[in-house]
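The block underneath contains the structure these notes are about, expressed in C-alpha cells.
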Amino acid sequence: MSLATQVKSFFDPYFDAPISVWENFAQYLKPVTFDKHEVIKASDTTERQLLLILEGSVGIFLYKENHDVCIDLAYEKDFVSDYMSLLTQAPSPLYTKALEETKTLAIDYSNLNQLYSTPFGEKIKILVAESLFIHKQNQQIDLLLLTAEQRYRKLLIENPNVILRTAQIHLASYLGITPESLSRIRKKYSQQ
C-alpha cells in the first residue's frame, strides 16, 4: 500500500479527497517507529511533530505527586501529539510515550505549516483540530457524567482490545481510578 493510500484511508472518515491530495500530503510525512516505552516527547519540552498512528499505541502523561497520570491514550488511526505545545510552540509538562512498538507517520512543525498554507492543507488543519477537540471534549464529559464502571464499559465497547494492549496502571489512570478499583471492575466483568 502506498503512503498516499495509507494517508487517504486515515482521513477518509473525515474528508473524502482525490488521491492526488494525499500524494501531495504524503511528501511531508516520514515513517517513524518507536520502541515500547520509548519517550516520544519529554516533559517540559516543545512538541515538534504531529503523529498519525498506523500500528501501536501511545500514552500522553503528566507527572504529578510522584506518579504518572495518563491523560490520554491513542491507537491506530488516531492523531497524537502534545497539541497545545505544538500550536503554541512552547514547552509543556506533558510527555508522550509509546506503550507498544508503534509505527507512525510523522509531520514536523515546519512541514505542517507549509502544508496548512495550501487549500487542502487548511481543510486538513481544521479536521485535525476538530478531531482532537471532539475527542478531548467527550473524554471530559465522560469523566464528569459517567461512573468509573460506565467509562470502563464504554472503553471496552469502543476499543475491546485496549484491555489486552494497555497496562492496567495506565488504564486506571486514564479512567481516573486506582489500579485496585480497576481490578474490581475487571473482575466483575470477567464473571458475567
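Residues in the C-alpha cells are numbered from 1 in each chain, the chains being A, B, ... in the order shown, and ligands are numbered from 1 in the order shown.
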Kindly provide the residues of stretch 135-165 of chain A that approach stretch 46-66 of chain A to within 12 Å, each paired with its closest atom pair and their distance in Å to one decimal, based on only C-alpha atoms, listed by chain and increasing number, as JSON lines.
```
{"residue": "A:Asn161", "atom": "CA", "partner": "A:Ser57", "partner_atom": "CA", "distance": 11.3}
{"residue": "A:Val162", "atom": "CA", "partner": "A:Ser57", "partner_atom": "CA", "distance": 9.4}
{"residue": "A:Leu164", "atom": "CA", "partner": "A:Ser57", "partner_atom": "CA", "distance": 11.9}
{"residue": "A:Arg165", "atom": "CA", "partner": "A:Ser57", "partner_atom": "CA", "distance": 8.2}
```
Once you count only C-alpha atoms, what closest atom pair and distance in Å to one decimal does each residue of stretch 45-90 of chain A within 12 Å of stretch 133-152 of chain A have, with rows by chain and rising residue number, as CSV?
```
residue,atom,partner,partner_atom,distance
A:Ile71,CA,A:Gln139,CA,9.4
A:Asp72,CA,A:Lys136,CA,8.4
A:Leu73,CA,A:His135,CA,10.6
A:Ala74,CA,A:His135,CA,10.3
A:Asp78,CA,A:His135,CA,10.0
A:Phe79,CA,A:His135,CA,10.4
A:Val80,CA,A:His135,CA,11.2
A:Tyr83,CA,A:Phe133,CA,10.0
A:Met84,CA,A:Phe133,CA,11.0
```
Output the selection as a short mmCIF file (atom, residue, chain, number, x, y, z; two decimals), in the first residue's frame - N, CA and C atoms for each residue.
```
data_model
loop_
_atom_site.label_atom_id
_atom_site.label_comp_id
_atom_site.auth_asym_id
_atom_site.auth_seq_id
_atom_site.Cartn_x
_atom_site.Cartn_y
_atom_site.Cartn_z
N ILE A 71 -3.30 11.04 30.77
CA ILE A 71 -4.42 11.91 30.41
C ILE A 71 -5.05 11.55 29.07
N ASP A 72 -4.36 10.71 28.29
CA ASP A 72 -4.94 10.28 27.03
C ASP A 72 -4.23 9.04 26.50
N LEU A 73 -4.98 8.27 25.73
CA LEU A 73 -4.46 7.10 25.05
C LEU A 73 -4.79 7.23 23.57
N ALA A 74 -3.89 6.79 22.72
CA ALA A 74 -4.12 6.86 21.27
C ALA A 74 -3.71 5.54 20.65
N ASP A 78 -5.40 7.19 15.03
CA ASP A 78 -5.52 8.38 15.87
C ASP A 78 -4.38 9.34 15.54
N PHE A 79 -4.67 10.63 15.72
CA PHE A 79 -3.63 11.64 15.72
C PHE A 79 -3.09 11.70 17.14
N VAL A 80 -1.81 11.95 17.29
CA VAL A 80 -1.28 12.11 18.64
C VAL A 80 -0.15 13.13 18.62
N TYR A 83 -0.63 18.57 21.60
CA TYR A 83 -1.15 19.50 20.61
C TYR A 83 -1.09 20.96 21.07
N MET A 84 -1.30 21.20 22.37
CA MET A 84 -1.18 22.57 22.89
C MET A 84 0.24 23.09 22.67
#
```
Atom CA of A:Ile124 to atom CA of A:Leu112, straight-line distance in Å: 10.0 Å
Nearby residues (only C-alpha atoms) at most 12 Å from A:Val21, same-chain spacing under 6 positions excluded, as a PyMOL selection string: chain A and resi 4-5+7-8+11-12+15+27-28+115+118-121+123-124
For atom CA of A:Gly176 and atom CA of A:Tyr14, the interatomic separation in Å (one decimal):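 Taking atom CA of A:Gly176 and atom CA of A:Tyr14, their separation equals 29.5 Å.
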Enumerate, as a PDB file with all heavy atoms, in the first residue's frame, the complete set of residues in stretch 54-169 of chain A that a backbone-based DSSP assignment places in strand (DSSP E).
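Writing the result to out-v1.pdb gives the following:
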```pdb
ATOM      1  N   LEU A  54      -0.171   4.330  12.756  1.00  0.00           N
ATOM      2  CA  LEU A  54      -0.507   3.243  11.835  1.00  0.00           C
ATOM      3  C   LEU A  54      -0.707   1.938  12.598  1.00  0.00           C
ATOM      4  O   LEU A  54      -1.642   1.191  12.331  1.00  0.00           O
ATOM      5  CB  LEU A  54       0.592   3.061  10.784  1.00  0.00           C
ATOM      6  CG  LEU A  54       0.873   4.258   9.881  1.00  0.00           C
ATOM      7  CD1 LEU A  54       2.082   3.982   8.998  1.00  0.00           C
ATOM      8  CD2 LEU A  54      -0.350   4.587   9.037  1.00  0.00           C
ATOM      9  N   GLU A  55       0.195   1.659  13.528  1.00  0.00           N
ATOM     10  CA  GLU A  55       0.129   0.465  14.376  1.00  0.00           C
ATOM     11  C   GLU A  55       0.694   0.826  15.739  1.00  0.00           C
ATOM     12  O   GLU A  55       1.687   1.547  15.821  1.00  0.00           O
ATOM     13  CB  GLU A  55       0.991  -0.669  13.809  1.00  0.00           C
ATOM     14  CG  GLU A  55       0.532  -1.247  12.505  1.00  0.00           C
ATOM     15  CD  GLU A  55       1.498  -2.317  11.986  1.00  0.00           C
ATOM     16  OE1 GLU A  55       2.238  -2.922  12.791  1.00  0.00           O
ATOM     17  OE2 GLU A  55       1.510  -2.514  10.767  1.00  0.00           O
ATOM     18  N   VAL A  58       0.042   4.929  22.002  1.00  0.00           N
ATOM     19  CA  VAL A  58       0.810   5.993  22.656  1.00  0.00           C
ATOM     20  C   VAL A  58      -0.010   6.527  23.821  1.00  0.00           C
ATOM     21  O   VAL A  58      -1.236   6.640  23.733  1.00  0.00           O
ATOM     22  CB  VAL A  58       1.108   7.142  21.658  1.00  0.00           C
ATOM     23  CG1 VAL A  58       1.757   8.331  22.356  1.00  0.00           C
ATOM     24  CG2 VAL A  58       1.990   6.644  20.514  1.00  0.00           C
ATOM     25  N   GLY A  59       0.668   6.846  24.908  1.00  0.00           N
ATOM     26  CA  GLY A  59       0.025   7.497  26.041  1.00  0.00           C
ATOM     27  C   GLY A  59       0.560   8.911  26.194  1.00  0.00           C
ATOM     28  O   GLY A  59       1.732   9.171  25.903  1.00  0.00           O
ATOM     29  N   ILE A  60      -0.319   9.797  26.627  1.00  0.00           N
ATOM     30  CA  ILE A  60       0.089  11.165  26.967  1.00  0.00           C
ATOM     31  C   ILE A  60      -0.011  11.271  28.480  1.00  0.00           C
ATOM     32  O   ILE A  60      -1.057  10.969  29.069  1.00  0.00           O
ATOM     33  CB  ILE A  60      -0.783  12.218  26.272  1.00  0.00           C
ATOM     34  CG1 ILE A  60      -0.672  12.063  24.751  1.00  0.00           C
ATOM     35  CG2 ILE A  60      -0.374  13.632  26.705  1.00  0.00           C
ATOM     36  CD1 ILE A  60      -1.559  13.013  23.959  1.00  0.00           C
ATOM     37  N   PHE A  61       1.094  11.680  29.114  1.00  0.00           N
ATOM     38  CA  PHE A  61       1.206  11.639  30.567  1.00  0.00           C
ATOM     39  C   PHE A  61       1.606  12.992  31.151  1.00  0.00           C
ATOM     40  O   PHE A  61       2.204  13.826  30.478  1.00  0.00           O
ATOM     41  CB  PHE A  61       2.270  10.617  30.984  1.00  0.00           C
ATOM     42  CG  PHE A  61       1.956   9.213  30.588  1.00  0.00           C
ATOM     43  CD1 PHE A  61       2.384   8.717  29.368  1.00  0.00           C
ATOM     44  CD2 PHE A  61       1.235   8.388  31.432  1.00  0.00           C
ATOM     45  CE1 PHE A  61       2.100   7.411  28.994  1.00  0.00           C
ATOM     46  CE2 PHE A  61       0.943   7.085  31.067  1.00  0.00           C
ATOM     47  CZ  PHE A  61       1.379   6.592  29.849  1.00  0.00           C
ATOM     48  N   LEU A  62       1.313  13.118  32.430  1.00  0.00           N
ATOM     49  CA  LEU A  62       1.713  14.250  33.248  1.00  0.00           C
ATOM     50  C   LEU A  62       2.249  13.651  34.546  1.00  0.00           C
ATOM     51  O   LEU A  62       1.626  12.750  35.115  1.00  0.00           O
ATOM     52  CB  LEU A  62       0.497  15.134  33.530  1.00  0.00           C
ATOM     53  CG  LEU A  62       0.691  16.389  34.343  1.00  0.00           C
ATOM     54  CD1 LEU A  62       1.552  17.390  33.586  1.00  0.00           C
ATOM     55  CD2 LEU A  62      -0.657  17.021  34.648  1.00  0.00           C
ATOM     56  N   TYR A  63       3.405  14.106  34.984  1.00  0.00           N
ATOM     57  CA  TYR A  63       3.970  13.612  36.239  1.00  0.00           C
ATOM     58  C   TYR A  63       3.451  14.487  37.368  1.00  0.00           C
ATOM     59  O   TYR A  63       3.652  15.700  37.370  1.00  0.00           O
ATOM     60  CB  TYR A  63       5.503  13.637  36.170  1.00  0.00           C
ATOM     61  CG  TYR A  63       6.156  12.907  37.310  1.00  0.00           C
ATOM     62  CD1 TYR A  63       6.157  11.525  37.342  1.00  0.00           C
ATOM     63  CD2 TYR A  63       6.759  13.603  38.339  1.00  0.00           C
ATOM     64  CE1 TYR A  63       6.760  10.831  38.393  1.00  0.00           C
ATOM     65  CE2 TYR A  63       7.357  12.933  39.390  1.00  0.00           C
ATOM     66  CZ  TYR A  63       7.353  11.551  39.412  1.00  0.00           C
ATOM     67  OH  TYR A  63       7.942  10.884  40.454  1.00  0.00           O
ATOM     68  N   LYS A  64       2.751  13.858  38.328  1.00  0.00           N
ATOM     69  CA  LYS A  64       2.138  14.615  39.425  1.00  0.00           C
ATOM     70  C   LYS A  64       2.241  13.800  40.710  1.00  0.00           C
ATOM     71  O   LYS A  64       1.903  12.614  40.720  1.00  0.00           O
ATOM     72  CB  LYS A  64       0.663  14.893  39.097  1.00  0.00           C
ATOM     73  CG  LYS A  64      -0.055  15.659  40.160  1.00  0.00           C
ATOM     74  CD  LYS A  64      -1.524  15.844  39.801  1.00  0.00           C
ATOM     75  CE  LYS A  64      -2.244  16.530  40.941  1.00  0.00           C
ATOM     76  NZ  LYS A  64      -3.660  16.564  40.768  1.00  0.00           N
ATOM     77  N   HIS A  67       3.930  10.324  40.675  1.00  0.00           N
ATOM     78  CA  HIS A  67       3.497   9.256  39.772  1.00  0.00           C
ATOM     79  C   HIS A  67       2.979   9.845  38.462  1.00  0.00           C
ATOM     80  O   HIS A  67       2.658  11.023  38.374  1.00  0.00           O
ATOM     81  CB  HIS A  67       2.472   8.324  40.437  1.00  0.00           C
ATOM     82  CG  HIS A  67       1.137   8.939  40.654  1.00  0.00           C
ATOM     83  ND1 HIS A  67       0.840   9.777  41.701  1.00  0.00           N
ATOM     84  CD2 HIS A  67      -0.003   8.829  39.933  1.00  0.00           C
ATOM     85  CE1 HIS A  67      -0.427  10.169  41.627  1.00  0.00           C
ATOM     86  NE2 HIS A  67      -0.955   9.608  40.567  1.00  0.00           N
ATOM     87  N   ASP A  68       2.936   8.972  37.469  1.00  0.00           N
ATOM     88  CA  ASP A  68       2.462   9.380  36.144  1.00  0.00           C
ATOM     89  C   ASP A  68       0.945   9.331  36.094  1.00  0.00           C
ATOM     90  O   ASP A  68       0.332   8.364  36.560  1.00  0.00           O
ATOM     91  CB  ASP A  68       3.017   8.437  35.064  1.00  0.00           C
ATOM     92  CG  ASP A  68       4.522   8.505  34.954  1.00  0.00           C
ATOM     93  OD1 ASP A  68       5.055   9.622  35.029  1.00  0.00           O
ATOM     94  OD2 ASP A  68       5.156   7.451  34.790  1.00  0.00           O
ATOM     95  N   VAL A  69       0.368  10.370  35.522  1.00  0.00           N
ATOM     96  CA  VAL A  69      -1.076  10.416  35.299  1.00  0.00           C
ATOM     97  C   VAL A  69      -1.284  10.340  33.786  1.00  0.00           C
ATOM     98  O   VAL A  69      -0.754  11.169  33.040  1.00  0.00           O
ATOM     99  CB  VAL A  69      -1.694  11.725  35.857  1.00  0.00           C
ATOM    100  CG1 VAL A  69      -3.177  11.780  35.552  1.00  0.00           C
ATOM    101  CG2 VAL A  69      -1.429  11.839  37.353  1.00  0.00           C
ATOM    102  N   CYS A  70      -2.024   9.335  33.362  1.00  0.00           N
ATOM    103  CA  CYS A  70      -2.303   9.161  31.935  1.00  0.00           C
ATOM    104  C   CYS A  70      -3.516  10.010  31.577  1.00  0.00           C
ATOM    105  O   CYS A  70      -4.624   9.747  32.052  1.00  0.00           O
ATOM    106  CB  CYS A  70      -2.576   7.688  31.620  1.00  0.00           C
ATOM    107  SG  CYS A  70      -2.897   7.386  29.876  1.00  0.00           S
ATOM    108  N   ILE A  71      -3.303  11.038  30.767  1.00  0.00           N
ATOM    109  CA  ILE A  71      -4.425  11.906  30.414  1.00  0.00           C
ATOM    110  C   ILE A  71      -5.047  11.553  29.067  1.00  0.00           C
ATOM    111  O   ILE A  71      -6.135  12.011  28.754  1.00  0.00           O
ATOM    112  CB  ILE A  71      -4.048  13.400  30.449  1.00  0.00           C
ATOM    113  CG1 ILE A  71      -3.019  13.739  29.391  1.00  0.00           C
ATOM    114  CG2 ILE A  71      -3.578  13.807  31.839  1.00  0.00           C
ATOM    115  CD1 ILE A  71      -2.892  15.224  29.146  1.00  0.00           C
ATOM    116  N   ASP A  72      -4.357  10.709  28.290  1.00  0.00           N
ATOM    117  CA  ASP A  72      -4.941  10.278  27.028  1.00  0.00           C
ATOM    118  C   ASP A  72      -4.231   9.042  26.500  1.00  0.00           C
ATOM    119  O   ASP A  72      -3.067   8.805  26.812  1.00  0.00           O
ATOM    120  CB  ASP A  72      -4.878  11.392  25.978  1.00  0.00           C
ATOM    121  CG  ASP A  72      -6.064  11.360  25.030  1.00  0.00           C
ATOM    122  OD1 ASP A  72      -6.812  10.363  25.012  1.00  0.00           O
ATOM    123  OD2 ASP A  72      -6.247  12.339  24.299  1.00  0.00           O
ATOM    124  N   LEU A  73      -4.978   8.274  25.727  1.00  0.00           N
ATOM    125  CA  LEU A  73      -4.465   7.097  25.048  1.00  0.00           C
ATOM    126  C   LEU A  73      -4.795   7.229  23.572  1.00  0.00           C
ATOM    127  O   LEU A  73      -5.869   7.719  23.220  1.00  0.00           O
ATOM    128  CB  LEU A  73      -5.120   5.819  25.599  1.00  0.00           C
ATOM    129  CG  LEU A  73      -4.840   5.498  27.070  1.00  0.00           C
ATOM    130  CD1 LEU A  73      -5.769   4.392  27.553  1.00  0.00           C
ATOM    131  CD2 LEU A  73      -3.384   5.103  27.248  1.00  0.00           C
ATOM    132  N   ALA A  74      -3.891   6.790  22.719  1.00  0.00           N
ATOM    133  CA  ALA A  74      -4.117   6.864  21.274  1.00  0.00           C
ATOM    134  C   ALA A  74      -3.710   5.538  20.645  1.00  0.00           C
ATOM    135  O   ALA A  74      -2.707   4.931  21.048  1.00  0.00           O
ATOM    136  CB  ALA A  74      -3.319   8.015  20.670  1.00  0.00           C
ATOM    137  N   PHE A  79      -4.670  10.628  15.717  1.00  0.00           N
ATOM    138  CA  PHE A  79      -3.627  11.643  15.715  1.00  0.00           C
ATOM    139  C   PHE A  79      -3.090  11.702  17.139  1.00  0.00           C
ATOM    140  O   PHE A  79      -3.848  11.562  18.093  1.00  0.00           O
ATOM    141  CB  PHE A  79      -4.203  13.027  15.388  1.00  0.00           C
ATOM    142  CG  PHE A  79      -4.923  13.115  14.085  1.00  0.00           C
ATOM    143  CD1 PHE A  79      -6.308  13.152  14.045  1.00  0.00           C
ATOM    144  CD2 PHE A  79      -4.229  13.175  12.888  1.00  0.00           C
ATOM    145  CE1 PHE A  79      -6.979  13.244  12.847  1.00  0.00           C
ATOM    146  CE2 PHE A  79      -4.895  13.268  11.683  1.00  0.00           C
ATOM    147  CZ  PHE A  79      -6.271  13.305  11.659  1.00  0.00           C
ATOM    148  N   VAL A  80      -1.810  11.948  17.286  1.00  0.00           N
ATOM    149  CA  VAL A  80      -1.276  12.107  18.636  1.00  0.00           C
ATOM    150  C   VAL A  80      -0.150  13.129  18.621  1.00  0.00           C
ATOM    151  O   VAL A  80       0.662  13.182  17.700  1.00  0.00           O
ATOM    152  CB  VAL A  80      -0.812  10.760  19.241  1.00  0.00           C
ATOM    153  CG1 VAL A  80       0.412  10.234  18.552  1.00  0.00           C
ATOM    154  CG2 VAL A  80      -0.573  10.875  20.723  1.00  0.00           C
ATOM    155  N   LEU A  94       3.565  18.015  29.748  1.00  0.00           N
ATOM    156  CA  LEU A  94       3.125  16.721  29.229  1.00  0.00           C
ATOM    157  C   LEU A  94       4.267  15.992  28.531  1.00  0.00           C
ATOM    158  O   LEU A  94       5.151  16.618  27.954  1.00  0.00           O
ATOM    159  CB  LEU A  94       1.980  16.907  28.229  1.00  0.00           C
ATOM    160  CG  LEU A  94       0.714  17.579  28.746  1.00  0.00           C
ATOM    161  CD1 LEU A  94      -0.308  17.701  27.627  1.00  0.00           C
ATOM    162  CD2 LEU A  94       0.134  16.829  29.932  1.00  0.00           C
ATOM    163  N   TYR A  95       4.210  14.669  28.602  1.00  0.00           N
ATOM    164  CA  TYR A  95       5.133  13.875  27.797  1.00  0.00           C
ATOM    165  C   TYR A  95       4.364  12.744  27.134  1.00  0.00           C
ATOM    166  O   TYR A  95       3.306  12.335  27.610  1.00  0.00           O
ATOM    167  CB  TYR A  95       6.330  13.374  28.607  1.00  0.00           C
ATOM    168  CG  TYR A  95       6.063  12.272  29.603  1.00  0.00           C
ATOM    169  CD1 TYR A  95       6.217  10.938  29.250  1.00  0.00           C
ATOM    170  CD2 TYR A  95       5.671  12.572  30.902  1.00  0.00           C
ATOM    171  CE1 TYR A  95       5.982   9.931  30.161  1.00  0.00           C
ATOM    172  CE2 TYR A  95       5.449  11.571  31.817  1.00  0.00           C
ATOM    173  CZ  TYR A  95       5.594  10.251  31.450  1.00  0.00           C
ATOM    174  OH  TYR A  95       5.363   9.258  32.352  1.00  0.00           O
ATOM    175  N   THR A  96       4.871  12.290  25.994  1.00  0.00           N
ATOM    176  CA  THR A  96       4.247  11.189  25.269  1.00  0.00           C
ATOM    177  C   THR A  96       5.212  10.023  25.225  1.00  0.00           C
ATOM    178  O   THR A  96       6.431  10.204  25.135  1.00  0.00           O
ATOM    179  CB  THR A  96       3.835  11.600  23.841  1.00  0.00           C
ATOM    180  OG1 THR A  96       4.966  12.123  23.143  1.00  0.00           O
ATOM    181  CG2 THR A  96       2.744  12.658  23.857  1.00  0.00           C
ATOM    182  N   LYS A  97       4.623   8.817  25.291  1.00  0.00           N
ATOM    183  CA  LYS A  97       5.434   7.603  25.348  1.00  0.00           C
ATOM    184  C   LYS A  97       4.728   6.499  24.576  1.00  0.00           C
ATOM    185  O   LYS A  97       3.504   6.341  24.675  1.00  0.00           O
ATOM    186  CB  LYS A  97       5.621   7.190  26.810  1.00  0.00           C
ATOM    187  CG  LYS A  97       6.419   5.934  27.014  1.00  0.00           C
ATOM    188  CD  LYS A  97       6.759   5.696  28.474  1.00  0.00           C
ATOM    189  CE  LYS A  97       5.577   5.284  29.299  1.00  0.00           C
ATOM    190  NZ  LYS A  97       5.942   4.845  30.651  1.00  0.00           N
ATOM    191  N   ALA A  98       5.499   5.729  23.808  1.00  0.00           N
ATOM    192  CA  ALA A  98       4.947   4.573  23.111  1.00  0.00           C
ATOM    193  C   ALA A  98       4.646   3.489  24.139  1.00  0.00           C
ATOM    194  O   ALA A  98       5.495   3.156  24.967  1.00  0.00           O
ATOM    195  CB  ALA A  98       5.938   4.066  22.070  1.00  0.00           C
ATOM    196  N   THR A 102       5.402   1.072  18.098  1.00  0.00           N
ATOM    197  CA  THR A 102       4.422   1.907  17.418  1.00  0.00           C
ATOM    198  C   THR A 102       4.983   2.455  16.118  1.00  0.00           C
ATOM    199  O   THR A 102       6.047   3.060  16.097  1.00  0.00           O
ATOM    200  CB  THR A 102       3.991   3.072  18.349  1.00  0.00           C
ATOM    201  OG1 THR A 102       3.460   2.516  19.564  1.00  0.00           O
ATOM    202  CG2 THR A 102       2.936   3.940  17.706  1.00  0.00           C
ATOM    203  N   LYS A 103       4.235   2.208  15.047  1.00  0.00           N
ATOM    204  CA  LYS A 103       4.601   2.718  13.727  1.00  0.00           C
ATOM    205  C   LYS A 103       3.712   3.922  13.433  1.00  0.00           C
ATOM    206  O   LYS A 103       2.495   3.847  13.568  1.00  0.00           O
ATOM    207  CB  LYS A 103       4.407   1.649  12.660  1.00  0.00           C
ATOM    208  CG  LYS A 103       5.333   0.469  12.842  1.00  0.00           C
ATOM    209  CD  LYS A 103       5.108  -0.592  11.801  1.00  0.00           C
ATOM    210  CE  LYS A 103       6.046  -1.757  12.061  1.00  0.00           C
ATOM    211  NZ  LYS A 103       5.820  -2.860  11.136  1.00  0.00           N
ATOM    212  N   THR A 104       4.362   5.006  13.037  1.00  0.00           N
ATOM    213  CA  THR A 104       3.628   6.253  12.797  1.00  0.00           C
ATOM    214  C   THR A 104       4.066   6.880  11.478  1.00  0.00           C
ATOM    215  O   THR A 104       5.075   6.504  10.898  1.00  0.00           O
ATOM    216  CB  THR A 104       3.908   7.282  13.916  1.00  0.00           C
ATOM    217  OG1 THR A 104       5.263   7.728  13.827  1.00  0.00           O
ATOM    218  CG2 THR A 104       3.625   6.716  15.295  1.00  0.00           C
ATOM    219  N   LEU A 105       3.277   7.846  11.087  1.00  0.00           N
ATOM    220  CA  LEU A 105       3.685   8.789  10.057  1.00  0.00           C
ATOM    221  C   LEU A 105       3.822  10.122  10.768  1.00  0.00           C
ATOM    222  O   LEU A 105       2.885  10.579  11.425  1.00  0.00           O
ATOM    223  CB  LEU A 105       2.642   8.868   8.940  1.00  0.00           C
ATOM    224  CG  LEU A 105       2.436   7.591   8.137  1.00  0.00           C
ATOM    225  CD1 LEU A 105       1.288   7.758   7.153  1.00  0.00           C
ATOM    226  CD2 LEU A 105       3.712   7.197   7.404  1.00  0.00           C
ATOM    227  N   ALA A 106       4.979  10.740  10.663  1.00  0.00           N
ATOM    228  CA  ALA A 106       5.262  11.979  11.381  1.00  0.00           C
ATOM    229  C   ALA A 106       5.360  13.141  10.408  1.00  0.00           C
ATOM    230  O   ALA A 106       5.910  13.010   9.312  1.00  0.00           O
ATOM    231  CB  ALA A 106       6.573  11.851  12.158  1.00  0.00           C
ATOM    232  N   ILE A 107       4.813  14.275  10.842  1.00  0.00           N
ATOM    233  CA  ILE A 107       4.981  15.516  10.095  1.00  0.00           C
ATOM    234  C   ILE A 107       5.505  16.548  11.080  1.00  0.00           C
ATOM    235  O   ILE A 107       4.902  16.766  12.133  1.00  0.00           O
ATOM    236  CB  ILE A 107       3.684  15.961   9.386  1.00  0.00           C
ATOM    237  CG1 ILE A 107       3.916  17.235   8.574  1.00  0.00           C
ATOM    238  CG2 ILE A 107       2.531  16.122  10.357  1.00  0.00           C
ATOM    239  CD1 ILE A 107       2.788  17.575   7.609  1.00  0.00           C
ATOM    240  N   ASP A 108       6.664  17.127  10.764  1.00  0.00           N
ATOM    241  CA  ASP A 108       7.241  18.076  11.703  1.00  0.00           C
ATOM    242  C   ASP A 108       6.562  19.442  11.576  1.00  0.00           C
ATOM    243  O   ASP A 108       5.834  19.716  10.626  1.00  0.00           O
ATOM    244  CB  ASP A 108       8.764  18.159  11.574  1.00  0.00           C
ATOM    245  CG  ASP A 108       9.228  18.793  10.277  1.00  0.00           C
ATOM    246  OD1 ASP A 108       8.633  19.784   9.822  1.00  0.00           O
ATOM    247  OD2 ASP A 108      10.217  18.298   9.712  1.00  0.00           O
TER     248      ASP A 108
END
```
